[in-house]
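Structure file model-v3.pdb; described as PDB, C-alpha atoms.
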```pdb
MODEL        1
ATOM      1  CA  MET A   1     -51.451  43.764 -17.987
ATOM      2  CA  ILE A   2     -51.925  39.999 -17.648
ATOM      3  CA  LYS A   3     -50.174  39.457 -20.978
ATOM      4  CA  SER A   4     -47.247  41.561 -19.792
ATOM      5  CA  ILE A   5     -46.943  39.537 -16.598
ATOM      6  CA  LEU A   6     -47.086  36.249 -18.502
ATOM      7  CA  THR A   7     -44.485  37.486 -20.977
ATOM      8  CA  ALA A   8     -42.171  38.517 -18.170
ATOM      9  CA  LEU A   9     -42.592  35.130 -16.488
ATOM     10  CA  LEU A  10     -41.891  33.309 -19.743
ATOM     11  CA  LEU A  11     -38.750  35.360 -20.317
ATOM     12  CA  ALA A  12     -37.588  34.606 -16.782
ATOM     13  CA  VAL A  13     -38.023  30.868 -17.385
ATOM     14  CA  LEU A  14     -36.083  31.048 -20.643
ATOM     15  CA  LEU A  15     -33.276  33.084 -19.107
ATOM     16  CA  GLN A  16     -33.002  30.695 -16.199
ATOM     17  CA  SER A  17     -32.831  27.724 -18.541
ATOM     18  CA  CYS A  18     -30.184  29.192 -20.859
ATOM     19  CA  ALA A  19     -26.627  27.917 -20.547
ATOM     20  CA  SER A  20     -23.686  28.810 -22.731
ATOM     21  CA  LYS A  21     -21.172  26.270 -24.014
ATOM     22  CA  LYS A  22     -18.491  28.483 -22.520
ATOM     23  CA  ASP A  23     -19.891  27.697 -19.081
ATOM     24  CA  ILE A  24     -20.273  23.932 -19.593
ATOM     25  CA  LEU A  25     -17.509  22.472 -21.787
ATOM     26  CA  TYR A  26     -14.226  21.340 -20.239
ATOM     27  CA  PHE A  27     -10.796  22.370 -21.577
ATOM     28  CA  GLN A  28     -12.138  24.514 -24.406
ATOM     29  CA  ASP A  29      -8.649  25.618 -25.449
ATOM     30  CA  ALA A  30      -7.218  22.084 -25.454
ATOM     31  CA  SER A  31      -6.060  22.559 -29.060
ATOM     32  CA  ASN A  32      -3.551  25.101 -27.737
ATOM     33  CA  TYR A  33      -1.921  22.372 -25.640
ATOM     34  CA  PRO A  34      -1.456  19.399 -28.011
ATOM     35  CA  SER A  35       1.460  18.096 -25.945
ATOM     36  CA  VAL A  36       1.971  18.955 -22.298
ATOM     37  CA  PRO A  37       4.713  17.345 -20.170
ATOM     38  CA  VAL A  38       3.172  15.565 -17.192
ATOM     39  CA  ALA A  39       4.423  17.063 -13.931
ATOM     40  CA  TYR A  40       4.681  14.088 -11.587
ATOM     41  CA  ALA A  41       4.765  15.784  -8.199
ATOM     42  CA  SER A  42       6.380  13.660  -5.510
ATOM     43  CA  THR A  43       4.159  12.576  -2.644
ATOM     44  CA  MET A  44       5.545  14.329   0.418
ATOM     45  CA  ILE A  45       5.032  12.631   3.762
ATOM     46  CA  GLN A  46       2.893  14.582   6.217
ATOM     47  CA  THR A  47       1.918  14.331   9.867
ATOM     48  CA  ASN A  48      -0.805  11.716  10.458
ATOM     49  CA  ASP A  49       0.094   9.715   7.355
ATOM     50  CA  ILE A  50       0.112   5.944   7.718
ATOM     51  CA  LEU A  51       2.976   4.187   5.966
ATOM     52  CA  SER A  52       3.446   0.589   4.915
ATOM     53  CA  ILE A  53       7.176  -0.195   4.967
ATOM     54  CA  LYS A  54       8.559  -3.486   3.686
ATOM     55  CA  VAL A  55      12.240  -4.365   4.007
ATOM     56  CA  GLY A  56      13.896  -7.051   1.904
ATOM     57  CA  ALA A  57      17.378  -8.570   1.773
ATOM     58  CA  LEU A  58      19.368 -11.219  -0.094
ATOM     59  CA  VAL A  59      18.686 -13.555   2.807
ATOM     60  CA  PRO A  60      14.972 -12.961   3.586
ATOM     61  CA  GLU A  61      15.273 -14.226   7.151
ATOM     62  CA  THR A  62      17.694 -11.430   8.063
ATOM     63  CA  ALA A  63      15.068  -8.796   7.153
ATOM     64  CA  MET A  64      12.341 -10.253   9.384
ATOM     65  CA  PRO A  65      13.165  -8.111  12.470
ATOM     66  CA  TYR A  66      12.608  -4.974  10.369
ATOM     67  CA  ASN A  67       9.126  -5.912   9.154
ATOM     68  CA  VAL A  68       5.851  -5.687  11.027
ATOM     69  CA  GLN A  69       4.448  -9.192  11.262
ATOM     70  CA  THR A  70       1.056  -9.355   9.537
ATOM     71  CA  LEU A  71      -1.731 -11.783  10.305
ATOM     72  CA  GLY A  72      -1.682 -14.842   8.101
ATOM     73  CA  SER A  73      -5.197 -14.735   6.683
ATOM     74  CA  ALA A  74      -5.420 -13.644   3.029
ATOM     75  CA  THR A  75      -8.696 -11.940   3.858
ATOM     76  CA  THR A  76      -7.046  -9.960   6.616
ATOM     77  CA  ILE A  77      -4.105  -8.919   4.459
ATOM     78  CA  SER A  78      -6.439  -7.579   1.777
ATOM     79  CA  ASN A  79      -8.309  -5.474   4.330
ATOM     80  CA  ILE A  80      -6.965  -1.922   4.034
ATOM     81  CA  GLU A  81      -8.234  -0.969   7.509
ATOM     82  CA  ILE A  82      -6.232  -3.762   9.133
ATOM     83  CA  LEU A  83      -3.190  -2.757   7.118
ATOM     84  CA  LYS A  84      -3.579   0.784   8.450
ATOM     85  CA  LEU A  85      -3.538  -0.506  12.022
ATOM     86  CA  GLN A  86      -0.324  -2.390  11.242
ATOM     87  CA  GLY A  87       1.283   0.555   9.470
ATOM     88  CA  TYR A  88       3.544   3.297  10.794
ATOM     89  CA  LEU A  89       1.634   6.404  11.924
ATOM     90  CA  VAL A  90       3.596   9.627  11.460
ATOM     91  CA  SER A  91       3.572  11.456  14.799
ATOM     92  CA  PRO A  92       2.874  15.203  15.287
ATOM     93  CA  GLN A  93       6.661  15.551  15.553
ATOM     94  CA  GLY A  94       7.053  14.050  12.086
ATOM     95  CA  THR A  95       8.631  10.775  13.177
ATOM     96  CA  ILE A  96       7.973   7.032  13.179
ATOM     97  CA  VAL A  97       9.354   4.330  15.440
ATOM     98  CA  PHE A  98      11.040   1.765  13.210
ATOM     99  CA  PRO A  99      12.141  -1.683  14.432
ATOM    100  CA  VAL A 100      15.776  -1.797  15.597
ATOM    101  CA  LEU A 101      16.513   1.698  14.178
ATOM    102  CA  GLY A 102      14.255   3.446  16.689
ATOM    103  CA  THR A 103      12.855   6.935  16.046
ATOM    104  CA  VAL A 104      13.273   8.096  12.452
ATOM    105  CA  SER A 105      12.317  11.536  11.091
ATOM    106  CA  VAL A 106      10.182  11.182   7.961
ATOM    107  CA  VAL A 107       8.403  14.483   7.223
ATOM    108  CA  HIS A 108       9.643  16.775   4.458
ATOM    109  CA  LYS A 109      10.703  13.653   2.588
ATOM    110  CA  SER A 110       9.067  12.123  -0.452
ATOM    111  CA  ILE A 111       8.247   8.426  -0.518
ATOM    112  CA  ALA A 112      11.299   7.769  -2.712
ATOM    113  CA  GLU A 113      13.568   9.840  -0.447
ATOM    114  CA  LEU A 114      12.451   7.956   2.657
ATOM    115  CA  GLU A 115      13.015   4.623   0.916
ATOM    116  CA  GLU A 116      16.583   5.648   0.126
ATOM    117  CA  HIS A 117      17.100   7.097   3.637
ATOM    118  CA  LEU A 118      16.036   3.884   5.369
ATOM    119  CA  ARG A 119      18.053   1.776   2.938
ATOM    120  CA  LYS A 120      21.203   3.734   3.809
ATOM    121  CA  LEU A 121      20.518   3.507   7.551
ATOM    122  CA  LEU A 122      20.159  -0.255   7.296
ATOM    123  CA  GLU A 123      23.186  -0.758   5.057
ATOM    124  CA  GLU A 124      25.624   1.787   6.474
ATOM    125  CA  GLY A 125      24.678   0.838  10.032
ATOM    126  CA  GLY A 126      25.720  -2.742   9.325
ATOM    127  CA  HIS A 127      22.206  -4.131   9.810
ATOM    128  CA  LEU A 128      21.650  -5.657   6.352
ATOM    129  CA  VAL A 129      23.594  -6.311   3.159
ATOM    130  CA  ASN A 130      22.107  -4.814  -0.018
ATOM    131  CA  PRO A 131      18.683  -4.157   1.555
ATOM    132  CA  THR A 132      15.593  -3.037  -0.363
ATOM    133  CA  VAL A 133      12.887  -0.786   1.063
ATOM    134  CA  SER A 134       9.386  -0.410  -0.362
ATOM    135  CA  ILE A 135       7.004   2.210   1.058
ATOM    136  CA  ARG A 136       3.344   2.865   0.315
ATOM    137  CA  LEU A 137       0.983   5.499   1.721
ATOM    138  CA  LEU A 138      -2.068   3.699   3.124
ATOM    139  CA  ASN A 139      -4.419   6.553   3.980
ATOM    140  CA  ALA A 140      -4.192   8.890   0.978
ATOM    141  CA  LYS A 141      -7.602  10.493   0.583
ATOM    142  CA  VAL A 142      -9.289  13.391  -1.172
ATOM    143  CA  THR A 143     -12.595  15.032  -0.214
ATOM    144  CA  VAL A 144     -14.843  16.325  -3.007
ATOM    145  CA  LEU A 145     -17.789  18.550  -2.039
ATOM    146  CA  GLY A 146     -20.376  20.751  -3.713
ATOM    147  CA  GLU A 147     -22.001  20.327  -7.114
ATOM    148  CA  VAL A 148     -20.864  16.781  -7.915
ATOM    149  CA  ARG A 149     -22.976  13.667  -8.267
ATOM    150  CA  SER A 150     -21.482  11.804  -5.306
ATOM    151  CA  PRO A 151     -19.786  14.120  -2.803
ATOM    152  CA  GLY A 152     -17.658  12.434  -0.184
ATOM    153  CA  THR A 153     -14.173  11.380   0.881
ATOM    154  CA  TYR A 154     -12.355   8.959  -1.413
ATOM    155  CA  ILE A 155      -9.307   6.841  -0.631
ATOM    156  CA  TYR A 156      -6.883   6.309  -3.491
ATOM    157  CA  SER A 157      -3.750   4.197  -3.898
ATOM    158  CA  GLU A 158      -2.226   5.857  -6.955
ATOM    159  CA  GLN A 159       1.057   7.711  -6.571
ATOM    160  CA  TYR A 160      -0.234  10.286  -9.060
ATOM    161  CA  LEU A 161      -3.809  11.571  -9.088
ATOM    162  CA  SER A 162      -4.922  14.543 -11.171
ATOM    163  CA  LEU A 163      -7.791  16.884 -10.357
ATOM    164  CA  PRO A 164     -10.061  15.524 -13.157
ATOM    165  CA  GLN A 165      -9.470  11.995 -11.846
ATOM    166  CA  ALA A 166     -10.470  13.085  -8.333
ATOM    167  CA  LEU A 167     -13.663  14.640  -9.722
ATOM    168  CA  GLY A 168     -14.264  11.382 -11.575
ATOM    169  CA  TYR A 169     -14.307   9.540  -8.242
ATOM    170  CA  ALA A 170     -17.194  11.823  -7.238
ATOM    171  CA  GLY A 171     -19.131  11.072 -10.439
ATOM    172  CA  ASP A 172     -18.226  14.300 -12.298
ATOM    173  CA  LEU A 173     -19.771  17.742 -11.881
ATOM    174  CA  THR A 174     -23.513  18.165 -12.146
ATOM    175  CA  ILE A 175     -24.852  20.491 -14.832
ATOM    176  CA  ASN A 176     -25.098  23.132 -12.074
ATOM    177  CA  GLY A 177     -21.413  22.930 -11.154
ATOM    178  CA  LYS A 178     -19.463  26.115 -11.817
ATOM    179  CA  ARG A 179     -16.594  24.869 -13.943
ATOM    180  CA  LYS A 180     -14.767  28.177 -13.731
ATOM    181  CA  ASP A 181     -14.743  28.204  -9.935
ATOM    182  CA  ILE A 182     -13.229  25.005  -8.524
ATOM    183  CA  LEU A 183     -11.510  25.458  -5.162
ATOM    184  CA  LEU A 184      -8.569  23.279  -4.157
ATOM    185  CA  ILE A 185      -7.847  23.503  -0.423
ATOM    186  CA  ARG A 186      -4.556  22.074   0.807
ATOM    187  CA  GLU A 187      -2.747  21.985   4.161
ATOM    188  CA  VAL A 188       1.029  21.565   4.239
ATOM    189  CA  ASP A 189       3.162  22.018   7.367
ATOM    190  CA  GLY A 190       0.351  23.764   9.198
ATOM    191  CA  VAL A 191      -0.339  26.231   6.390
ATOM    192  CA  ARG A 192      -3.637  26.163   4.495
ATOM    193  CA  THR A 193      -3.698  27.326   0.875
ATOM    194  CA  ILE A 194      -6.701  27.828  -1.419
ATOM    195  CA  ASN A 195      -6.289  27.749  -5.192
ATOM    196  CA  GLN A 196      -9.017  28.626  -7.684
ATOM    197  CA  ILE A 197      -9.106  26.523 -10.850
ATOM    198  CA  ASP A 198     -10.925  27.075 -14.127
ATOM    199  CA  LEU A 199     -11.745  23.747 -15.774
ATOM    200  CA  THR A 200     -12.922  25.393 -18.988
ATOM    201  CA  THR A 201      -9.266  25.988 -19.866
ATOM    202  CA  ALA A 202      -6.348  23.576 -19.995
ATOM    203  CA  ASN A 203      -3.570  25.998 -19.058
ATOM    204  CA  TRP A 204      -3.477  24.876 -15.399
ATOM    205  CA  MET A 205      -2.362  21.360 -16.426
ATOM    206  CA  LYS A 206       1.243  22.562 -16.669
ATOM    207  CA  ASP A 207       1.326  23.424 -12.972
ATOM    208  CA  PRO A 208       2.276  20.453 -10.726
ATOM    209  CA  LYS A 209       0.613  22.013  -7.689
ATOM    210  CA  TYR A 210      -2.756  20.936  -9.081
ATOM    211  CA  VAL A 211      -1.834  17.291  -8.757
ATOM    212  CA  ILE A 212      -3.894  15.949  -5.864
ATOM    213  CA  ARG A 213      -2.079  15.375  -2.590
ATOM    214  CA  GLN A 214      -3.277  13.426   0.408
ATOM    215  CA  ASN A 215      -5.959  15.218   2.465
ATOM    216  CA  ASP A 216      -6.805  17.738  -0.285
ATOM    217  CA  VAL A 217     -10.341  19.152  -0.342
ATOM    218  CA  VAL A 218     -11.967  19.992  -3.687
ATOM    219  CA  ILE A 219     -15.067  22.209  -3.665
ATOM    220  CA  VAL A 220     -17.267  22.724  -6.713
ATOM    221  CA  ASN A 221     -19.301  25.901  -6.353
ATOM    222  CA  PRO A 222     -22.827  26.125  -7.804
ATOM    223  CA  ASN A 223     -23.535  28.291 -10.843
ATOM    224  CA  ASN A 224     -25.846  31.307 -10.756
ATOM    225  CA  ALA A 225     -28.878  29.324 -11.903
ATOM    226  CA  LYS A 226     -28.486  26.916  -8.990
ATOM    227  CA  VAL A 227     -28.047  29.757  -6.504
ATOM    228  CA  LYS A 228     -31.149  31.542  -7.783
ATOM    229  CA  SER A 229     -33.136  28.308  -7.642
ATOM    230  CA  ALA A 230     -32.648  28.260  -3.887
ATOM    231  CA  GLY A 231     -34.900  31.327  -3.610
ATOM    232  CA  LEU A 232     -38.653  31.684  -3.571
ATOM    233  CA  LEU A 233     -39.040  30.668  -7.218
ATOM    234  CA  SER A 234     -37.112  27.437  -6.908
ATOM    235  CA  ASN A 235     -37.482  26.112 -10.454
ATOM    236  CA  PRO A 236     -39.192  26.773 -13.806
ATOM    237  CA  LEU A 237     -42.268  24.841 -12.636
ATOM    238  CA  SER A 238     -42.784  27.531 -10.036
ATOM    239  CA  PHE A 239     -43.151  30.095 -12.806
ATOM    240  CA  VAL A 240     -45.682  27.876 -14.582
ATOM    241  CA  THR A 241     -47.667  27.475 -11.354
ATOM    242  CA  ILE A 242     -47.747  31.225 -10.767
ATOM    243  CA  ALA A 243     -48.718  31.854 -14.370
ATOM    244  CA  SER A 244     -51.575  29.343 -14.096
ATOM    245  CA  PHE A 245     -52.771  30.974 -10.882
ATOM    246  CA  ILE A 246     -52.766  34.432 -12.485
ATOM    247  CA  MET A 247     -54.642  33.132 -15.532
ATOM    248  CA  SER A 248     -57.227  31.365 -13.379
ATOM    249  CA  THR A 249     -57.760  34.492 -11.269
ATOM    250  CA  TYR A 250     -58.078  36.648 -14.353
ATOM    251  CA  ILE A 251     -60.680  34.324 -15.931
ATOM    252  CA  LEU A 252     -62.734  34.237 -12.714
ATOM    253  CA  LEU A 253     -62.691  38.016 -12.412
ATOM    254  CA  LYS A 254     -63.775  38.458 -16.037
ATOM    255  CA  ARG A 255     -66.883  36.323 -15.579
TER     256      ARG A 255
ENDMDL
END
```
Any chance you could put this one into structure tokens?
Amino acid sequence: MIKSILTALLLAVLLQSCASKKDILYFQDASNYPSVPVAYASTMIQTNDILSIKVGALVPETAMPYNVQTLGSATTISNIEILKLQGYLVSPQGTIVFPVLGTVSVVHKSIAELEEHLRKLLEEGGHLVNPTVSIRLLNAKVTVLGEVRSPGTYIYSEQYLSLPQALGYAGDLTINGKRKDILLIREVDGVRTINQIDLTTANWMKDPKYVIRQNDVVIVNPNNAKVKSAGLLSNPLSFVTIASFIMSTYILLKR
């Protein structure tokens, strides 16, 4: 009987420790996608975004009324938090208050579209001659939770950020991360969507909706081994401890 119990415990340890390559390796069918066009999804402006807007003109002095005056210290200018305070916060109504122009609607526009929209307002309204407008999103962030090495919220400045890059910010998945069950949660115009992604295949790379957008939440679910380890027998050492206890009890009873 004791041998049967020990055998069962040993088998349980081995089964718990087993992991298939199909559960661990990324992009296992990558050879089927030797060349995939990159879908550069435009960054769409959302409520609560903070925008940095710089206006230029042939005569720089004429553009000064249209620019927020920054503090002169180089240290201050490099501080992203100070830049956020000096940026344009998109209101719940989807607008910003721009110098001279007043209230401007910005939601449902990409960064490039808003640049062109402001440029036309300034030029066609007779404010500036041949103006240039440069816009950057200051508070783009992605939250990565679950079975990653460093879960948290990460600020990024790139115009294009892929899902693997976002996971790289969080230090990659742990060995217990379920690569076939990555959840991407996104809110756009008051609607929340949840997409399930399988990182063991590369077929999702063709879909631009999996390019990270500001305020996305990525959740890496734990695999079955991790879930089971949360129970009474939390790890293989627990099995060894129980086996040792049974053996010790058996030896004492035999004496």
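Put simply, atom CA of A:Glu124 is 11.9 Å away from atom CA of A:Leu101.
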On this structure, the PyMOL selection byres ((chain A and resi 118) around 12) would catch which residues? List them as a PDB file with C-alpha atoms, keeping the file's coordinate frame, sorted by chain and number.
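Writing done, so here's out-v9.pdb:
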```pdb
ATOM      1  CA  ILE A  53       7.176  -0.195   4.967  1.00  0.00           C
ATOM      2  CA  LYS A  54       8.559  -3.486   3.686  1.00  0.00           C
ATOM      3  CA  VAL A  55      12.240  -4.365   4.007  1.00  0.00           C
ATOM      4  CA  GLY A  56      13.896  -7.051   1.904  1.00  0.00           C
ATOM      5  CA  TYR A  66      12.608  -4.974  10.369  1.00  0.00           C
ATOM      6  CA  ILE A  96       7.973   7.032  13.179  1.00  0.00           C
ATOM      7  CA  PHE A  98      11.040   1.765  13.210  1.00  0.00           C
ATOM      8  CA  PRO A  99      12.141  -1.683  14.432  1.00  0.00           C
ATOM      9  CA  VAL A 100      15.776  -1.797  15.597  1.00  0.00           C
ATOM     10  CA  LEU A 101      16.513   1.698  14.178  1.00  0.00           C
ATOM     11  CA  GLY A 102      14.255   3.446  16.689  1.00  0.00           C
ATOM     12  CA  THR A 103      12.855   6.935  16.046  1.00  0.00           C
ATOM     13  CA  VAL A 104      13.273   8.096  12.452  1.00  0.00           C
ATOM     14  CA  SER A 105      12.317  11.536  11.091  1.00  0.00           C
ATOM     15  CA  VAL A 106      10.182  11.182   7.961  1.00  0.00           C
ATOM     16  CA  LYS A 109      10.703  13.653   2.588  1.00  0.00           C
ATOM     17  CA  ILE A 111       8.247   8.426  -0.518  1.00  0.00           C
ATOM     18  CA  ALA A 112      11.299   7.769  -2.712  1.00  0.00           C
ATOM     19  CA  GLU A 113      13.568   9.840  -0.447  1.00  0.00           C
ATOM     20  CA  LEU A 114      12.451   7.956   2.657  1.00  0.00           C
ATOM     21  CA  GLU A 115      13.015   4.623   0.916  1.00  0.00           C
ATOM     22  CA  GLU A 116      16.583   5.648   0.126  1.00  0.00           C
ATOM     23  CA  HIS A 117      17.100   7.097   3.637  1.00  0.00           C
ATOM     24  CA  ARG A 119      18.053   1.776   2.938  1.00  0.00           C
ATOM     25  CA  LYS A 120      21.203   3.734   3.809  1.00  0.00           C
ATOM     26  CA  LEU A 121      20.518   3.507   7.551  1.00  0.00           C
ATOM     27  CA  LEU A 122      20.159  -0.255   7.296  1.00  0.00           C
ATOM     28  CA  GLU A 123      23.186  -0.758   5.057  1.00  0.00           C
ATOM     29  CA  GLU A 124      25.624   1.787   6.474  1.00  0.00           C
ATOM     30  CA  GLY A 125      24.678   0.838  10.032  1.00  0.00           C
ATOM     31  CA  HIS A 127      22.206  -4.131   9.810  1.00  0.00           C
ATOM     32  CA  LEU A 128      21.650  -5.657   6.352  1.00  0.00           C
ATOM     33  CA  ASN A 130      22.107  -4.814  -0.018  1.00  0.00           C
ATOM     34  CA  PRO A 131      18.683  -4.157   1.555  1.00  0.00           C
ATOM     35  CA  THR A 132      15.593  -3.037  -0.363  1.00  0.00           C
ATOM     36  CA  VAL A 133      12.887  -0.786   1.063  1.00  0.00           C
ATOM     37  CA  SER A 134       9.386  -0.410  -0.362  1.00  0.00           C
ATOM     38  CA  ILE A 135       7.004   2.210   1.058  1.00  0.00           C
TER      39      ILE A 135
END
```
List the residues selected by the PyMOL selection byres ((chain A and resi 155) around 12) in the file shown, writing them as a list in words.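 Evaluating the PyMOL selection byres ((chain A and resi 155) around 12) on these coordinates yields Ile80, Glu81, Leu137, Leu138, Asn139, Ala140, Lys141, Val142, Thr143, Val144, Gly152, Thr153, Tyr154, Tyr156, Ser157, Glu158, Gln159, Leu161, Ala166, Tyr169, Ala170, Ile212, Arg213, Gln214, Asn215 and Asp216 of chain A.
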Using atom CA of A:Arg136 and atom CA of A:Pro65 as the two end points, give the distance in Å to one decimal. 19.1 Å
Around (3.2, 17.4, -11.5) in the file's frame, which residues reach within 7 Å when counting all atoms listed in the file? Return as a list in words?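 It turns out the residues near that spot are Val38, Ala39, Tyr40, Ala41, Asp207, Pro208, Lys209 and Val211 of chain A.
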If I take atom CA of A:Gln93 and atom CA of A:Val68, how far is one from the other in Å, to one decimal?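 Between atom CA of A:Gln93 and atom CA of A:Val68 the gap works out to 21.7 Å.
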Choose the residue, out of A:Thr193, A:Asn176, A:Asn203, A:Gln165, that has the smallest atom-to-atom separation from A:Pro222; count all atoms listed in the file.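 Of A:Thr193, A:Asn176, A:Asn203, A:Gln165, the one nearest A:Pro222, counting all atoms listed in the file, is A:Asn176.
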Step by step, work through what the PyMOL selection byres ((chain A and resi 198-201) around 8) selects in the shown file, and finish by giving those residues as a ChimeraX atom specification. /A:22-30,179-182,196-197,202-204
Find, counting all atoms listed in the file, the residue in A:Ser31, A:Gln69, A:Thr43, A:Asn195 that gets nearest to A:Ile219.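 Smallest distance to A:Ile219 is found for A:Asn195.
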